[in-house]
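Containing compact mmCIF, C-alpha atoms: final_31.txt.
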# COMPACT_ATOMS: atom_id res chain seq x y z
CA MET G 1 5.23 -13.70 -36.32
CA ASN G 2 7.98 -15.24 -34.17
CA GLN G 3 11.31 -15.72 -35.83
CA PRO G 4 13.38 -18.71 -34.80
CA THR G 5 16.26 -17.93 -32.49
CA TYR G 6 19.73 -19.11 -33.33
CA THR G 7 21.54 -20.94 -30.55
CA PRO G 8 25.22 -21.46 -31.39
CA THR G 9 26.64 -24.95 -30.94
CA ARG G 10 29.03 -25.24 -28.03
CA ALA G 11 31.74 -27.76 -27.27
CA ILE G 12 33.00 -28.84 -23.85
CA ILE G 13 36.76 -28.35 -23.80
CA ALA G 14 37.46 -29.26 -20.15
CA GLU G 15 35.74 -30.60 -17.04
CA PHE G 16 36.72 -29.93 -13.43
CA ASP G 17 35.69 -30.98 -9.93
CA ASN G 18 35.86 -27.44 -8.57
CA TYR G 19 35.15 -23.92 -9.74
CA ALA G 20 38.67 -22.61 -9.08
CA SER G 21 40.14 -25.03 -11.63
CA ALA G 22 37.55 -24.05 -14.25
CA GLN G 23 38.30 -20.39 -13.56
CA ALA G 24 42.04 -21.04 -13.93
CA ALA G 25 41.43 -22.62 -17.36
CA VAL G 26 39.48 -19.55 -18.51
CA ASP G 27 42.21 -17.29 -17.10
CA LEU G 28 44.77 -19.21 -19.15
CA LEU G 29 42.66 -18.72 -22.28
CA ALA G 30 42.39 -15.00 -21.53
CA ASP G 31 46.15 -14.72 -20.94
CA LYS G 32 46.75 -16.25 -24.38
CA ASP G 33 44.40 -13.69 -26.01
CA PHE G 34 41.63 -16.19 -26.70
CA GLU G 35 38.27 -14.45 -27.16
CA VAL G 36 36.84 -15.27 -23.73
CA GLY G 37 33.47 -13.74 -24.62
CA THR G 38 32.79 -17.07 -26.33
CA VAL G 39 33.58 -19.09 -23.19
CA ARG G 40 31.26 -20.11 -20.38
CA ILE G 41 31.62 -22.11 -17.19
CA VAL G 42 28.67 -24.40 -16.52
CA GLY G 43 27.99 -25.93 -13.10
CA HIS G 44 26.29 -29.33 -13.11
CA ASP G 45 24.17 -31.11 -10.48
CA LEU G 46 23.48 -28.02 -8.41
CA LYS G 47 22.62 -28.31 -4.74
CA SER G 48 21.82 -25.83 -2.03
CA VAL G 49 24.34 -25.76 0.82
CA GLU G 50 23.66 -24.04 4.13
CA GLN G 51 26.69 -23.61 6.38
CA ILE G 52 25.82 -23.13 10.04
CA ILE G 53 28.05 -20.42 11.48
CA GLY G 54 26.89 -20.34 15.08
CA LYS G 55 24.14 -20.34 17.63
CA ARG G 56 21.85 -17.32 17.77
CA THR G 57 21.39 -15.87 21.22
CA TYR G 58 19.88 -12.63 22.46
CA GLY G 59 23.39 -11.27 23.06
CA ARG G 60 24.63 -12.07 19.54
CA SER G 61 21.45 -10.78 17.96
CA ALA G 62 21.79 -7.53 19.90
CA LEU G 63 25.47 -7.22 18.99
CA TYR G 64 24.97 -7.91 15.27
CA GLY G 65 21.96 -5.57 15.21
CA ALA G 66 23.99 -2.82 16.88
CA LEU G 67 26.93 -3.31 14.50
CA GLY G 68 24.67 -3.25 11.44
CA GLY G 69 22.94 -0.17 12.76
CA ALA G 70 26.27 1.53 13.47
CA TRP G 71 27.42 0.98 9.87
CA PHE G 72 24.14 2.40 8.59
CA GLY G 73 24.48 5.33 11.00
CA LEU G 74 28.00 6.00 9.78
CA LEU G 75 26.75 6.15 6.19
CA LEU G 76 23.91 8.51 7.12
CA GLY G 77 26.22 10.61 9.31
CA ILE G 78 28.67 11.07 6.46
CA LEU G 79 25.87 11.99 4.07
CA PHE G 80 24.36 14.48 6.53
CA GLY G 81 27.80 15.73 7.57
CA ILE G 82 28.60 16.83 4.04
CA PHE G 83 26.07 19.63 4.45
CA MET G 84 27.23 20.70 7.93
CA PRO G 85 29.95 23.13 8.99
CA ALA G 86 33.30 21.46 9.73
CA VAL G 87 32.88 21.93 13.50
CA ALA G 88 29.56 20.03 13.61
CA TRP G 89 30.61 17.32 11.17
CA LEU G 90 32.09 14.89 13.72
CA SER G 91 29.19 15.48 16.10
CA VAL G 92 26.65 14.61 13.40
CA ILE G 93 28.54 11.43 12.50
CA GLY G 94 28.90 10.40 16.15
CA TRP G 95 25.23 10.89 16.98
CA SER G 96 24.14 9.15 13.76
CA VAL G 97 26.26 6.11 14.60
CA LEU G 98 25.03 6.02 18.20
CA VAL G 99 21.33 6.41 17.43
CA ALA G 100 21.40 3.91 14.56
CA ALA G 101 23.33 1.40 16.72
CA VAL G 102 20.66 1.63 19.44
CA PHE G 103 17.87 1.12 16.91
CA GLY G 104 19.81 -1.79 15.36
CA LEU G 105 20.23 -3.35 18.80
CA ILE G 106 16.50 -3.06 19.50
CA PHE G 107 15.54 -4.51 16.11
CA GLY G 108 18.07 -7.32 16.57
CA LEU G 109 16.48 -8.26 19.87
CA ILE G 110 12.95 -8.06 18.45
CA SER G 111 13.96 -10.16 15.45
CA HIS G 112 15.47 -12.84 17.68
CA ALA G 113 12.44 -12.84 19.95
CA LEU G 114 10.15 -13.42 16.96
CA THR G 115 12.24 -16.14 15.26
CA GLY G 116 14.46 -17.52 18.03
CA LYS G 117 12.23 -20.50 18.79
CA ASP G 118 12.03 -21.60 15.17
CA ARG G 119 15.60 -20.87 14.14
CA SER G 120 18.16 -20.61 16.91
CA PHE G 121 21.20 -20.64 14.64
CA ALA G 122 22.83 -18.35 12.09
CA ALA G 123 23.82 -19.65 8.67
CA THR G 124 24.98 -18.67 5.22
CA SER G 125 23.60 -20.38 2.16
CA GLY G 126 24.79 -20.84 -1.37
CA ILE G 127 24.61 -22.99 -4.47
CA LYS G 128 27.29 -25.63 -5.09
CA ALA G 129 27.84 -27.70 -8.21
CA SER G 130 29.24 -31.22 -8.23
CA ASN G 131 31.41 -30.45 -11.28
CA TYR G 132 32.06 -27.70 -13.82
CA SER G 133 32.60 -27.73 -17.55
CA VAL G 134 34.28 -25.07 -19.66
CA GLU G 135 32.50 -24.58 -22.97
CA VAL G 136 33.32 -22.55 -26.06
CA LEU G 137 31.66 -22.04 -29.41
CA ALA G 138 32.20 -25.22 -31.41
CA ASP G 139 34.14 -23.52 -34.19
CA ARG G 140 36.68 -22.20 -31.61
CA ALA G 141 37.09 -25.48 -29.68
CA ASP G 142 40.26 -26.68 -31.44
CA GLU G 143 42.06 -23.41 -30.74
CA ALA G 144 40.99 -23.44 -27.08
CA LEU G 145 42.08 -27.08 -26.67
CA ARG G 146 45.52 -26.27 -28.13
CA ILE G 147 45.96 -23.42 -25.66
CA LEU G 148 44.92 -25.53 -22.68
CA ALA G 149 47.14 -28.43 -23.79
CA ALA G 150 50.15 -26.11 -24.11
CA GLY G 151 49.55 -24.76 -20.61
CA ARG G 152 51.47 -21.69 -19.46
What does this structure look like when you write it as structure tokens?
Amino acid sequence: MNQPTYTPTRAIIAEFDNYASAQAAVDLLADKDFEVGTVRIVGHDLKSVEQIIGKRTYGRSALYGALGGAWFGLLLGILFGIFMPAVAWLSVIGWSVLVAAVFGLIFGLISHALTGKDRSFAATSGIKASNYSVEVLADRADEALRILAAGR
């Protein structure tokens, strides 16, 4: 048999146009020893935002592929190098970086060739809210409001 779940009542103590301001309000509560485990920041009217960061070309795809591969090769080289004698350690890291960079370059070019016609730009995406509210458990709202009103 399912037992009913208890959802505590919450009160909105502040509303902001940006996340940084909501975060600053919660920081203030934390600095004044308010129990921040009872606080939440809620974003309203969410929208997906994709920021275009540049045009994708074969050259950039090859470069980014090589750089990503080099980082991966460095990680593998360090892991393999741990088990090598000190003399061979740098050689193992160097070859790992080089080989992984070449493979990354090749995969970057292949990836661009397969998707370049459909998507010839690079972008980052994220979720953005139109405004943010700071909420606390209803029985703690008066205390939180006093702290925010007093400021620093």
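Candidate residues G:Arg10, G:Arg60, G:Lys47, G:Lys32 were compared for distance to Leu109 of chain G, and the nearest is G:Arg60, using all atoms listed in the file.
With distances restricted to all atoms listed in the file, G:Val102 is the closest residue to Gly69 of chain G from G:Val87, G:Ile127, G:Val102, G:Ala141.
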Just give me the gap between atom CA of Leu63 of chain G and atom CA of Ser125 of chain G in Å, one decimal is fine. 21.4 Å
With only C-alpha atoms as the counted atoms, please give the residues lying no more than 12 Å from Gln51 of chain G, apart from itself and same-chain residues fewer than 6 positions off, as a PyMOL selection string. chain G and resi 121-128
How would the residues just chosen look if you wrote them out with C-alpha atoms as a compact mmCIF listing (two decimals), keeping the file's coordinate frame?
# COMPACT_ATOMS: atom_id res chain seq x y z
CA PHE G 121 21.20 -20.64 14.64
CA ALA G 122 22.83 -18.35 12.09
CA ALA G 123 23.82 -19.65 8.67
CA THR G 124 24.98 -18.67 5.22
CA SER G 125 23.60 -20.38 2.16
CA GLY G 126 24.79 -20.84 -1.37
CA ILE G 127 24.61 -22.99 -4.47
CA LYS G 128 27.29 -25.63 -5.09
Excluding Trp95 of chain G and residues on its chain fewer than 5 positions from it, collect all residues at most 9 Å away from it, counting only C-alpha atoms, and give them as a list in words. Gly73, Gly77, Leu90 and Ala100 of chain G
For atom CA of His112 of chain G and atom CA of Arg56 of chain G, determine how far apart the two atoms are, in Å to one decimal place. 7.8 Å
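Nearest-residue note for Leu137 of chain G: choosing from G:Lys117, G:Ala11, G:Leu67, G:Thr57, the minimum distance belongs to G:Ala11, counting all atoms listed in the file.
From atom CA of Val39 of chain G back to atom CA of Asn131 of chain G, the distance works out to 16.6 Å.
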Give me the residues near segment 18-31 of chain G as an NGL selection string, where near means some atom within 9 Å (using only C-alpha atoms) and where sequence neighbours in that chain fewer than 5 positions away do not count. :G and (36 or 39-41 or 43 or 129-134 or 144 or 147-148 or 151-152)
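With all atoms listed in the file as the basis for measurement, G:Ser61 is the residue among G:Phe34, G:Ser61, G:Lys55, G:Glu50 that approaches Leu114 of chain G most closely.
The shortest atom-to-atom distance to Gly59 of chain G, with only C-alpha atoms taken into account, belongs to G:Ile106 out of G:Val99, G:Ile93, G:Ile106, G:Ala150.
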Contacts of Ala101 of chain G at 12 Å (all atoms listed in the file; same-chain gap of 2+ positions) as a PyMOL selection string: chain G and resi 62-74+76+94-99+103-108
